[in-house]
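Since the structure comes first, as structure tokens, the remarks are kept for the end.
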Amino acid sequence: GAGVSQSPSNKVTEKGKDVELRCDPISGHTALYWYRQRLGQGLEFLIYFQGNSAPDKSGLPSDRFSAERTGESVSTLTIQRTQQEDSAVYLCASSSVPGDTQYFGPGTRLTVL
Amino acid sequence: GENVEQHPSTLSVQEGDSAVIKCTYSDSASNYFPWYKQELGKGPQLIIDIRSNVGEKKDQRIAVTLNKTAKHFSLHITETQPEDSAVYFCAATILSGTYKYIFGTGTRLKVLA
């Protein structure tokens, strides 16, 4: 079946603009994660959604970052007033249930000029 | 919180030789340790994982060992092939709560033909 998909694959924006990144998890997967991967570095946890429970937002770096998820389907990560340090690859992962293997999408490469 | 250190950052081996990547973690409560392979322009893919109740796990040319006392775990790739060239990430998590992964900083493996 289809894996995790993300769009756009690349996004170039100007400093100060808002951006919205989309993640479509594997169908039926209840848990969804967002991670950030800066150039040459490991993945940093941003936020976690599980069903209708309150999301774990403990990894969001500032209040410019927010994310939503509609039920157990698509999720969007929004970055307001983008800064150059927001440039990174943003990866989404889903798992069938919490604790099961996390399957990653191909990521969105964000470049803030 | 949990911290994962990964070494080396880069590793070059001759085709057919073995490669070893090591990770240490700080939180003794961590009980699940996946390894991911990331090829250029793609999201990470799980290649092997180990739980804290097991000391070693093997899957064809890939093996992972875990030393809970020392809080370190290692990835072993035998008979390396050019297609093994990629960035490898270790991660640690506690299988409860958020299940967020804490990743190492990655190892770029180059297999020289």
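Ligands are numbered from 1 in the order shown, chains are lettered A, B, ... in the order of the structure tokens, and residues start at 1 in each chain.
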
Item to check | Residues near Gly42 in chain A, cut-off 6 Å, only C-alpha atoms, skip fewer than 2 positions along chain, as a ChimeraX atom specification | outcome: /A:37 /B:103-106

Now that the selection is made, can you save its residues with all heavy atoms as a short mmCIF file (atom, residue, chain, number, x, y, z; two decimals), in the first residue's frame?
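Writing the result to again29.cif gives the following:
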```cif
data_model
loop_
_atom_site.label_atom_id
_atom_site.label_comp_id
_atom_site.auth_asym_id
_atom_site.auth_seq_id
_atom_site.Cartn_x
_atom_site.Cartn_y
_atom_site.Cartn_z
N GLN A 37 14.84 18.04 10.56
CA GLN A 37 16.20 17.59 10.32
C GLN A 37 17.00 18.72 9.70
O GLN A 37 16.82 19.06 8.53
CB GLN A 37 16.22 16.36 9.40
CG GLN A 37 17.61 15.77 9.21
CD GLN A 37 17.59 14.51 8.36
OE1 GLN A 37 16.72 14.30 7.52
NE2 GLN A 37 18.56 13.63 8.59
N PHE B 103 16.96 10.82 18.35
CA PHE B 103 17.89 10.33 17.34
C PHE B 103 19.33 10.73 17.62
O PHE B 103 19.58 11.80 18.19
CB PHE B 103 17.50 10.86 15.95
CG PHE B 103 16.34 10.16 15.32
CD1 PHE B 103 15.04 10.57 15.59
CD2 PHE B 103 16.54 9.10 14.46
CE1 PHE B 103 13.96 9.91 15.01
CE2 PHE B 103 15.47 8.44 13.89
CZ PHE B 103 14.18 8.85 14.16
N GLY B 104 20.26 9.89 17.20
CA GLY B 104 21.65 10.27 17.13
C GLY B 104 21.86 11.20 15.95
O GLY B 104 20.94 11.45 15.15
N THR B 105 23.06 11.71 15.81
CA THR B 105 23.36 12.71 14.78
C THR B 105 23.69 12.11 13.43
O THR B 105 23.92 12.83 12.47
CB THR B 105 24.51 13.62 15.22
OG1 THR B 105 25.59 12.81 15.68
CG2 THR B 105 24.07 14.55 16.34
N GLY B 106 23.73 10.78 13.34
CA GLY B 106 23.90 10.13 12.05
C GLY B 106 25.34 9.76 11.73
O GLY B 106 26.29 10.40 12.19
#
```

Item to check | Residues within 8 Å of Asn3 in chain B, only C-alpha atoms, excluding chain neighbours under 6 positions, as a list of chain:residue names | outcome: B:Tyr25, B:Ser26, B:Asp27, B:Ile102

Write a file of the selected residues as a compact mmCIF listing (two decimals), in the first residue's frame, keeping N, CA and C atoms.
```txt
# COMPACT_ATOMS: atom_id res chain seq x y z
N TYR B 25 23.18 6.00 25.02
CA TYR B 25 22.00 6.75 25.44
C TYR B 25 22.11 7.07 26.91
N SER B 26 21.33 8.05 27.34
CA SER B 26 21.48 8.52 28.71
C SER B 26 20.37 8.06 29.65
N ASP B 27 19.17 7.83 29.12
CA ASP B 27 18.02 7.51 29.96
C ASP B 27 17.90 5.98 30.11
N ILE B 102 14.35 9.72 20.12
CA ILE B 102 15.48 10.63 20.23
C ILE B 102 16.57 10.05 19.35
```

Using only C-alpha atoms, find the residues of chain A whose closest atom to chain B is at most 6 Å away, then write them as a short mmCIF file (atom, residue, chain, number, x, y, z; two decimals) with N, CA, C and O atoms, in the first residue's frame.
```cif
data_model
loop_
_atom_site.label_atom_id
_atom_site.label_comp_id
_atom_site.auth_asym_id
_atom_site.auth_seq_id
_atom_site.Cartn_x
_atom_site.Cartn_y
_atom_site.Cartn_z
N GLN A 41 22.46 16.98 10.51
CA GLN A 41 22.14 16.65 11.89
C GLN A 41 21.09 15.56 11.97
O GLN A 41 20.51 15.14 10.98
N GLY A 42 20.86 15.11 13.19
CA GLY A 42 19.83 14.11 13.41
C GLY A 42 18.44 14.73 13.40
O GLY A 42 18.27 15.92 13.16
N LEU A 43 17.47 13.91 13.63
CA LEU A 43 16.09 14.36 13.61
C LEU A 43 15.67 14.84 15.00
O LEU A 43 15.93 14.19 16.00
N GLY A 99 3.95 3.15 19.71
CA GLY A 99 4.94 2.14 20.06
C GLY A 99 5.30 1.22 18.92
O GLY A 99 6.30 0.51 18.98
N PHE A 104 8.47 6.75 7.88
CA PHE A 104 8.70 8.14 7.53
C PHE A 104 8.32 8.45 6.09
O PHE A 104 8.45 7.61 5.20
N GLY A 105 7.88 9.68 5.88
CA GLY A 105 7.68 10.20 4.55
C GLY A 105 8.99 10.72 3.98
O GLY A 105 10.01 10.70 4.67
N PRO A 106 8.98 11.21 2.74
CA PRO A 106 10.21 11.68 2.10
C PRO A 106 10.66 13.06 2.57
O PRO A 106 11.77 13.48 2.28
#
```

Item to check | Who sits within 10 Å of range 66-69 of chain B, only C-alpha atoms, same chain under 4 positions skipped, as a PyMOL selection string | outcome: chain B and resi 23-25+28-31+33+50-57+73-75

Checklist entry - In Å, how far is it from CA of Gly71 in chain A to CA of Ser27 in chain A? => result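 Calculated distance between CA of Gly71 in chain A and CA of Ser27 in chain A is 11.7 Å.
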
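Omitting Ser96 in chain A and its sequence neighbours fewer than 3 positions away, and counting only C-alpha atoms, the residues within 8 Å are Gly28, His29, Thr30, Ala31, Asp100 and Thr101 of chain A.
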
Next on the checklist: With only C-alpha atoms as the counted atoms, please give the residues lying no more than 7 Å from Gln80 in chain A, apart from itself and same-chain residues fewer than 6 positions off, as a PyMOL selection string.
Outcome noted: chain A and resi 17-19+64-65
